[in-house]
Amino acid sequence: MMNEDEIERLADLLFDKIMEKQEEADREYAEQIVKLAKDGYVINDITDKLELNEEEKLVGELARMQTIMMILEDREEYEKAAVIQKKIKNINKKLNNGSGKY
């Protein structure tokens with residue numbers, strides 16, 4: 001039977017492994033998004049077909065910008081990341097509109 005310390009160590013190891021896998025999946029997803037954007041894939045065309053409202057479109061754009069910022073930070077391209085951060089702040093202002101929801 002495992003004692004409390006062994007259980008805690010096992011839990012930490014499992015958590016670390018899960019986080020590694022999630023970070024890898026996040027990076028792969030981010031790379032796919034960047035590739036799609038470079039290949040001329042336009043998200044607005046899709047959102048128009050899905051009949052998303054303005055808030056839903058902004059939430060999607062926020063997620064996209066955060067993904068791109070993560071990629072830039074991983075590449076240590078901080079000046080570009082700062083530009084993206086400004087776009088993120090603008091999207092947040094539009095979304096929050098004083099509500100504090102986002």
# chains A, B, ... in the order shown; residues from 1 in each chain; ligands from 1

call {"tool": "closest_atom_pairs", "arguments": {"of": "segment 48-80 of chain A", "to": "segment 20-43 of chain A", "cutoff": "7 Å", "atoms": "only C-alpha atoms", "output": "Markdown table"}}
result
| residue | atom | partner | partner_atom | distance |
| --- | --- | --- | --- | --- |
| A:Thr67 | CA | A:Ala30 | CA | 5.6 |
| A:Ile68 | CA | A:Ala30 | CA | 6.6 |
| A:Ile71 | CA | A:Ala30 | CA | 6.8 |

call {"tool": "select_by_dssp", "arguments": {"residues": "segment 13-84 of chain A", "states": "helix (DSSP H, G or I)", "output": "PyMOL selection string"}}
result
chain A and resi 13-38+43-49+54-74+78-84

call {"tool": "residues_around", "arguments": {"residues": "segment 53-56 of chain A", "least_positions_apart": "3", "cutoff": "7 Å", "atoms": "only C-alpha atoms", "output": "list of chain:residue names"}}
result
A:Val59, A:Gly60, A:Leu95

call {"tool": "decode", "arguments": {"residues": "segment 13-27 of chain A", "atoms": "N, CA and C atoms", "output": "PDB file, in the first residue's frame"}}
result
ATOM      1  N   LEU A  13       3.730  13.596 -10.515  1.00  0.00           N
ATOM      2  CA  LEU A  13       4.263  13.055 -11.771  1.00  0.00           C
ATOM      3  C   LEU A  13       3.173  12.974 -12.836  1.00  0.00           C
ATOM      4  N   LEU A  14       2.006  12.522 -12.444  1.00  0.00           N
ATOM      5  CA  LEU A  14       0.898  12.439 -13.396  1.00  0.00           C
ATOM      6  C   LEU A  14       0.495  13.826 -13.894  1.00  0.00           C
ATOM      7  N   PHE A  15       0.409  14.766 -12.968  1.00  0.00           N
ATOM      8  CA  PHE A  15       0.048  16.131 -13.347  1.00  0.00           C
ATOM      9  C   PHE A  15       1.074  16.703 -14.323  1.00  0.00           C
ATOM     10  N   ASP A  16       2.367  16.529 -14.007  1.00  0.00           N
ATOM     11  CA  ASP A  16       3.417  17.035 -14.894  1.00  0.00           C
ATOM     12  C   ASP A  16       3.308  16.421 -16.281  1.00  0.00           C
ATOM     13  N   LYS A  17       3.035  15.136 -16.354  1.00  0.00           N
ATOM     14  CA  LYS A  17       2.934  14.441 -17.635  1.00  0.00           C
ATOM     15  C   LYS A  17       1.723  14.947 -18.422  1.00  0.00           C
ATOM     16  N   ILE A  18       0.614  15.132 -17.742  1.00  0.00           N
ATOM     17  CA  ILE A  18      -0.582  15.654 -18.400  1.00  0.00           C
ATOM     18  C   ILE A  18      -0.323  17.059 -18.931  1.00  0.00           C
ATOM     19  N   MET A  19       0.333  17.889 -18.133  1.00  0.00           N
ATOM     20  CA  MET A  19       0.632  19.257 -18.566  1.00  0.00           C
ATOM     21  C   MET A  19       1.574  19.263 -19.773  1.00  0.00           C
ATOM     22  N   GLU A  20       2.559  18.381 -19.788  1.00  0.00           N
ATOM     23  CA  GLU A  20       3.460  18.282 -20.937  1.00  0.00           C
ATOM     24  C   GLU A  20       2.675  17.956 -22.198  1.00  0.00           C
ATOM     25  N   LYS A  21       1.782  16.984 -22.100  1.00  0.00           N
ATOM     26  CA  LYS A  21       0.969  16.587 -23.252  1.00  0.00           C
ATOM     27  C   LYS A  21       0.061  17.730 -23.702  1.00  0.00           C
ATOM     28  N   GLN A  22      -0.527  18.454 -22.744  1.00  0.00           N
ATOM     29  CA  GLN A  22      -1.397  19.566 -23.096  1.00  0.00           C
ATOM     30  C   GLN A  22      -0.614  20.685 -23.773  1.00  0.00           C
ATOM     31  N   GLU A  23       0.566  20.990 -23.253  1.00  0.00           N
ATOM     32  CA  GLU A  23       1.395  22.033 -23.855  1.00  0.00           C
ATOM     33  C   GLU A  23       1.805  21.640 -25.269  1.00  0.00           C
ATOM     34  N   GLU A  24       2.120  20.377 -25.467  1.00  0.00           N
ATOM     35  CA  GLU A  24       2.466  19.891 -26.804  1.00  0.00           C
ATOM     36  C   GLU A  24       1.272  20.036 -27.745  1.00  0.00           C
ATOM     37  N   ALA A  25       0.097  19.650 -27.279  1.00  0.00           N
ATOM     38  CA  ALA A  25      -1.115  19.786 -28.095  1.00  0.00           C
ATOM     39  C   ALA A  25      -1.404  21.259 -28.392  1.00  0.00           C
ATOM     40  N   ASP A  26      -1.202  22.134 -27.406  1.00  0.00           N
ATOM     41  CA  ASP A  26      -1.415  23.569 -27.612  1.00  0.00           C
ATOM     42  C   ASP A  26      -0.474  24.122 -28.671  1.00  0.00           C
ATOM     43  N   ARG A  27       0.792  23.705 -28.605  1.00  0.00           N
ATOM     44  CA  ARG A  27       1.774  24.166 -29.596  1.00  0.00           C
ATOM     45  C   ARG A  27       1.399  23.682 -30.995  1.00  0.00           C
TER      46      ARG A  27
END
